[in-house]
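Participant: The structure under discussion is supplied below as structure tokens; questions concerning it will follow.
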Amino acid sequence: MATGKIMNNGWADQDHVPGIKSELLELNMGPQHPATHGVLRLLLKTDGEIVYQVTPVLGYLHRCAEKIAEGVNYKQWVVYTDRFDYLAPMCCNHAYVTAVEKLMDVEVPERAEHLRVVTAELSRIASHLIALATFGLDMGAWTPLLYCFREREEILNLLERMAGGRMLYNYMIPGGVRYDVPDDSWVGDVLDFITMLERKKLKDYNDLLSYNKIFIERTADVGVIDEATAKAYACTGPVLRGSGVKFDCRRDDPYSVYHKFDFEIPVGTGEMGTVGDCWDRYMVRVREIEQSCRIIRQALDTLPDGSYQAIPLNKIVKVPAGAAYSRTESAKGEIGHYIISDGGQTAFRNKVRSPSFCNLQVVEKVGVGQMVSDLVALVGSLDIVLGEIDR
Amino acid sequence: MEQNAIYELLAGHLGEGALAWHEDAVEPWAEIAPERIADACLFLRDDERLDFNQLMCLSGIDWDGYDENGKGKSVAILGYTDEGQPETTDRTADGDLGVAYHLYSHAQRHKFTLRVRVAREVAEVPTVSHVWPTAAWHEREAWDLVGIRFAGHPDLRRMLLDEAWEGHPLRKDYVMPAMWEGVPMEGRPLAKNPFPATEPATGDDGPGGPTPPAEA
């Protein structure tokens with residue numbers, strides 16, 4: 001039987017294999033491990049296959065972007081937000097410019113807001129595609145990865161035509177967006193793409209992965225995060241919704257022009273097992289792709305004419321003294337910026353509340369008592385990105 | 001619930017512990033006496049009318065050099081001299097440290113902002129990690145980057161930096177070390193070759209690429 005006092009939840013008292021002595025083994029999962037989605041290190045204390053304690057060790061990608069924010073002006077710092085969640089940079093751009101605009105009290109042109117919504121939702125789809133792909137990979141399914149990356153590539157191409165960069169865009173600026181629609185065919189191409197995604201590709205993913213028997217066996221009833229835990233640990237995004245909470249900043253704390261669009265908020269229902277298991281979180285993402293397509297179609301159908309920048313590109317932004325916290329829904333959850341301005345050209349303090357940081361903390365609780373292979377499923381289903389955890 | 005009404009309930013509970021209410025700010029906020037913050041948070045979470053079940057964000061702040069006219073000059077960013085040593089300044093930071101708490105209620109759908117402020121020498125605030133478990137990591141991060149200790153925190157280690165790191169980078173008087181575990185950390189990379197070649201450069205591609213030219 002295991003000994004020692006470090007164990008949680010009274011597991012130490014359980015003689016789960018009578019008569020067989022065992023001892024705790026310290027195991028490093030990461031920082032270089034294919035299932036940790038970046039340079040995440042999990043210190044595990046295991047007894048055989050059972051995990052007694054999980055201690056995430058962070059900071060391998062730390063760049064102290066918050067310190068850099070105190071040295072560069074507001075527009076220059078948009079670049080650094082790209083590098084937080086590099087799988088959905090448009091969402092991070094959007095979160096930051098929303099916070100700056102809240103302090104500046106600037107009227108953003110409707111066209112810019114629509115373009116922001118379209119690009120952010122495209123980014124969200126790209127990020128969710130990666131989430132499905134890598135989660136499938138963690139569970140041993142190689143093929144869906146290739147399918148998902150194929151569609152993601154088309155999104156990257158569309159956004160590259162729009163913003164110039166393939167992955168990191170630096171597209172939004174306080175008061176608008178950097179570029180208008182690039183050419184006459186762009187809007188049509190986006191609509192073609194989402195139509196194809198909705199009609200055919202989502203069905204492919206469901207056939208390949210979602211309703212695959214092996215995949216369901218590996219994910220249903222595994223890593224269950226109940227509603228109370230999800231709320232106490234301030235989980236947001238698909239992790240919170242996977243636990244059955246119908247909450248989405250786009251609907252419940254509207255920003256930009258999301259109030260104009262009609263879309264559903266998918267939540268976990270325990271279809272394959274328990275509410276809040278890995279399969280639920282996975283499926284919430286698949287269904288969100290569908291809703292993002294709906295939003296994009298509405299935003300492009302009603303794309304207004306006119307200016308797309310309230311502040312000229314070459315003008316340095318000054319923000320009135322004050323402090324404001326603003327939150328938006330990124331692909332991973334609620335991304336918040338707390339900006340304190342002293343009236344100058346640079347932020348006095350810029351604190352970033354990143355969704356992955358808060359979502360990851362829950363493994364300290366939920367990971368205990370799981371099998372090591374189920375911990376892989378749990379971490380994969382949280383869909384973390386280390387760029388925004390370490391910042 | 002309206003922001004003012006929330007503050008009145010809170011002030012009624014805390015009495016003297018509620019120091020000030022700034023309702024005209026872009027985002028109204030309440031200043032709380034640091035020693036009462038855990039009490040205030042418990043009240044805000046448990047009172048049925050308020051029901052703040054989510055801590056959205058907890059931020060540590062170094063208020064040194066803050067001036068609402070934008071003329072404040074903190075000692076935040078320092079350069080490096082030609083010798084690669086950090087620049088120094090005569091000014092010493094003496095401003096307060098602070099913590100901001102942003103709360104949200106899923107049931108009531110309202111938000112609230114609390115702030116506390118402590119003297120730089122004290123730099124200690126009671127923890128709220130027993131109120132919202134999510135605060136544990138935020139507080140570790142605030143300790144790591146801003147250097148605010150949270151009394152009663154179960155596991156107050158550094159979050160992002162190495163345990164042996166010196167100083168707290170988001171302090172306004174932070175000076176980056178010139179050297180870390182044998183690696184020069186000059187602020188201007190490639191301005192100066194930190195690994196001068198021991199042999200004359202030949203231009204051949206070694207395992208690490210072309211040898212950088214010797215210093216001028």
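Naming works like this for the structure tokens: A, B, ... for the chains as they're shown, residue 1 at the start of each chain, ligands 1 onward in shown order.
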Counting only C-alpha atoms, a student should be able to say which residues of chain A come within 7 Å of chain B; what is the right answer, written as a VMD selection string?
Facilitator: chain A and resid 58 to 59 62 67 71 103 231 to 234 321 to 324 342 to 344 351 353 358 390
Participant: What lies within 7 Å of Pro34 (chain B) using only C-alpha atoms, ignoring chain neighbours under 2 positions off, as an mmCIF file with N, CA and C atoms, in the first residue's frame?
Facilitator:
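Output saved as selection.cif:
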```cif
data_model
loop_
_atom_site.group_PDB
_atom_site.id
_atom_site.type_symbol
_atom_site.label_atom_id
_atom_site.label_comp_id
_atom_site.auth_asym_id
_atom_site.auth_seq_id
_atom_site.Cartn_x
_atom_site.Cartn_y
_atom_site.Cartn_z
ATOM 1 N N ILE B 32 -11.033 48.596 -0.487
ATOM 2 C CA ILE B 32 -11.280 47.836 0.731
ATOM 3 C C ILE B 32 -10.005 47.831 1.561
ATOM 4 N N ARG B 36 -9.393 43.287 5.519
ATOM 5 C CA ARG B 36 -10.780 42.821 5.463
ATOM 6 C C ARG B 36 -11.142 42.181 4.121
ATOM 7 N N ILE B 37 -10.176 42.016 3.225
ATOM 8 C CA ILE B 37 -10.524 41.618 1.858
ATOM 9 C C ILE B 37 -11.124 40.209 1.803
ATOM 10 N N VAL B 116 -7.444 46.655 -3.325
ATOM 11 C CA VAL B 116 -6.776 46.937 -2.057
ATOM 12 C C VAL B 116 -5.420 47.543 -2.370
ATOM 13 N N ARG B 117 -4.880 48.210 -1.390
ATOM 14 C CA ARG B 117 -3.603 48.894 -1.566
ATOM 15 C C ARG B 117 -2.798 48.724 -0.291
ATOM 16 N N VAL B 118 -1.570 48.288 -0.456
ATOM 17 C CA VAL B 118 -0.722 48.128 0.733
ATOM 18 C C VAL B 118 0.600 48.842 0.493
ATOM 19 N N VAL B 125 -1.076 40.712 1.566
ATOM 20 C CA VAL B 125 -2.531 40.796 1.521
ATOM 21 C C VAL B 125 -3.056 39.418 1.891
#
```
Participant: Could you write out, as number ranges by chain, all the residues of region 212-246 of chain A that DSSP marks as alpha helix (DSSP H)?
Facilitator: A: 213-219, 227-232, 238-242
Participant: I want to know what sits within 9 Å of Gly223 (chain A), based on only C-alpha atoms, with residues of the same chain fewer than 6 positions away left out; could you give that as a list of chain:residue names?
Facilitator: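 What passes the distance filter is A:Gly276, A:Asp277, A:Cys278, A:Val363, A:Val366, A:Gly367, A:Gln370, A:Asp374, A:Leu375, A:Ala377, A:Leu378, A:Val379, A:Ser381.
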Participant: Would you list the contacts of region 78-86 of chain A as a PyMOL selection string, taking every protein, DNA or RNA residue within 7 Å and counting only C-alpha atoms, but skipping same-chain residues closer than 5 positions in sequence?
Facilitator: chain A and resi 65+92-93+168-170+385+387-388+391
Participant: Between CA of Pro174 (chain A) and CA of Arg327 (chain A), measure the distance and give it in Å to one decimal.
Facilitator: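 Computed distance, CA of Pro174 (chain A) to CA of Arg327 (chain A), equals 15.4 Å.
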Participant: I need the strand (DSSP E) residues of region 85-177 of chain B per DSSP on the backbone, written as a count of residues only.
Facilitator: 22
Participant: Let me make sure I understand: among B:Phe52, B:Trp165, B:Tyr101, B:Tyr174, which one has the smallest atom-to-atom distance to Arg115 (chain B) if we use only C-alpha atoms?
Facilitator: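 The answer is B:Tyr101, which sits nearest to Arg115 (chain B).
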Participant: Which residues, written as a list in words, have at least one atom at most 10 Å from Lys365 (chain A), with only C-alpha atoms counted and residues fewer than 4 positions away on the same chain left out?
Facilitator: Asn8, Asn9, Gln53, Val54, Thr55, Ile225, Thr229, Tyr233, Gln361 and Gly369 of chain A
Participant: Using only C-alpha atoms, please write the residues we just selected to a file, as a compact mmCIF listing (two decimals), in the first residue's frame.
Facilitator:
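The resulting file, out33.txt, is shown below:
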```txt
# COMPACT_ATOMS: atom_id res chain seq x y z
CA ASN A 8 -5.05 13.79 -1.77
CA ASN A 9 -8.61 12.81 -1.14
CA GLN A 53 -1.12 14.26 -7.50
CA VAL A 54 -0.74 16.53 -10.50
CA THR A 55 1.40 19.64 -10.29
CA ILE A 225 -15.61 18.27 -14.50
CA THR A 229 -15.93 22.63 -9.97
CA TYR A 233 -12.07 27.20 -10.87
CA GLN A 361 -5.70 24.77 -12.98
CA GLY A 369 -7.42 9.49 -9.11
```
